[in-house]
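Inspection log for the structure reproduced underneath, given as structure tokens.
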Amino acid sequence: MSESKIHSALVTAYGASGVMPNDRTAYEGKSFTPPTGQSWARLTGLPTGRAPAAQGKDAAQEWTGILQIDLYHQKNTGHAPILTDADALLAFFASGKRLDYQGQGVLIRRAERSQIRQEDVWQSVSVSIYCTAWSFPA
């Protein structure tokens with residue numbers, strides 16, 4: 001099991017969703033300045049656990065985690081534009097969808113959104129994608 005491949009599978013899938021362009025997305029470990037007057041997104045990988053998926057020395061290992069995608073739109077632009085982006089992510093990361101990155105599979109268990117939050121300049125909503133991955137002994 002590779003943390004890097006799991007994360008890459010999720011980030012690659014986010015890019016394929018087409019919800020936000022690459023230049024308006026803040027990725028972990030990279031500098032980013034939010035664009036003035038344009039919507040943008042921030043990705044955060046949140047591993048939640050790693051455990052044997054069965055008993056015995058040959059048991060698969062199960063990884064669980066969340067990809068959190070925070071969407072930001074200018075304040076006072078209403079709910080429709082930000083929820084349209086959230087809907088697109090929820091549809092793309094549908095329950096049961098399988099991702100593959102260089103042989104590492106990731107299963108989307110579910111996706112859900114938060115309430116719309118008002119901040120100083122932005123309004124935001126978080127889309128949380130709950131997922132599972134497995135590795136098997138050689």
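Going through the structure tokens in order, the chains are called A, B, and so on, while each chain numbers its residues from 1 and the ligands are numbered from 1 in the order shown.
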
### Members of range 6-134 of chain A assigned strand (DSSP E or B) by DSSP, as a ChimeraX atom specification
/A:25-26,40-52,61-74,98-101,104-113,117-118,122-134

Quick one: everything within 8 Å of range 9-24 of chain A, counting only C-alpha atoms, minus sequence neighbours fewer than 6 positions away in the same chain. Send it as a PDB file with C-alpha atoms, in the first residue's frame.
```
ATOM      1  CA  PRO A  34      -6.226  32.630  -4.032  1.00  0.00           C
ATOM      2  CA  PRO A  35      -7.212  34.412  -7.261  1.00  0.00           C
ATOM      3  CA  SER A  39     -13.713  30.819  -7.273  1.00  0.00           C
ATOM      4  CA  TRP A  40     -11.064  28.366  -6.109  1.00  0.00           C
ATOM      5  CA  ALA A  41     -10.642  25.070  -4.226  1.00  0.00           C
ATOM      6  CA  LEU A  43      -7.580  19.831  -1.328  1.00  0.00           C
ATOM      7  CA  LEU A  67     -10.311  13.724   0.661  1.00  0.00           C
ATOM      8  CA  ASP A  85     -19.729  22.980  -7.941  1.00  0.00           C
ATOM      9  CA  ALA A  88     -20.616  18.208  -9.617  1.00  0.00           C
ATOM     10  CA  LEU A  89     -18.135  16.798  -7.086  1.00  0.00           C
ATOM     11  CA  PHE A  92     -18.290  12.560  -9.828  1.00  0.00           C
ATOM     12  CA  LEU A  99     -10.215   4.694  -8.851  1.00  0.00           C
ATOM     13  CA  ASP A 100      -6.910   3.218  -9.958  1.00  0.00           C
ATOM     14  CA  TYR A 101      -3.494   4.826  -9.892  1.00  0.00           C
ATOM     15  CA  GLN A 104      -3.390   1.033  -6.403  1.00  0.00           C
ATOM     16  CA  GLY A 105      -7.166   0.811  -6.177  1.00  0.00           C
ATOM     17  CA  VAL A 106      -9.295   3.207  -4.141  1.00  0.00           C
TER      18      VAL A 106
END
```

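From CA of Trp122 in chain A back to CA of Pro47 in chain A, the distance works out to 27.0 Å.
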
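Using only C-alpha atoms, the shortest contact distance between Gly45 in chain A and any of A:Ser8, A:Thr25, A:Gln102, A:Asn76 is found at A:Ser8.
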
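With CA of Asp58 in chain A on one side and CA of Cys131 in chain A on the other, the separation reads 22.6 Å.
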
### Message
My list of candidates is A:Val121, A:Ala53, A:Ile108, A:Ala80. Which is closest to Ile66 in chain A when distances are computed with only C-alpha atoms?
### Response
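Counting only C-alpha atoms, the residue closest to Ile66 in chain A is A:Ile108.
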
### Message
Could you go through chain A and tell me which residues DSSP, when run on the backbone, assigns to alpha helix (DSSP H), listing them as a ChimeraX atom specification?
### Response
/A:3-17,80-92

### Message
Please report the interatomic distance between CA of Gln68 in chain A and CA of Arg98 in chain A in Å with one decimal.
### Response
17.5 Å

### Query
Out of A:Gln55, A:Thr33, A:Gln38, A:Gln115, which residue has the shortest atom-to-atom distance to Gln74 in chain A when counting only C-alpha atoms?
A:Gln38

### Message
Using only C-alpha atoms, which protein or nucleic acid residues come within 12 Å of Gly65 in chain A? Drop anything in the same chain fewer than 2 positions from it, and give the result as JSON, numbers by chain.
### Response
{"A": [3, 6, 7, 10, 44, 45, 46, 47, 48, 49, 50, 62, 63, 67, 68, 106, 107, 108, 109, 110, 111, 128, 129, 130, 131, 132, 133, 134]}

### Message
For a quick check of understanding, using only C-alpha atoms, which of A:Arg117, A:Lys97, A:His73, A:Lys57 has the smallest distance to Phe136 in chain A?
### Response
A:Lys57
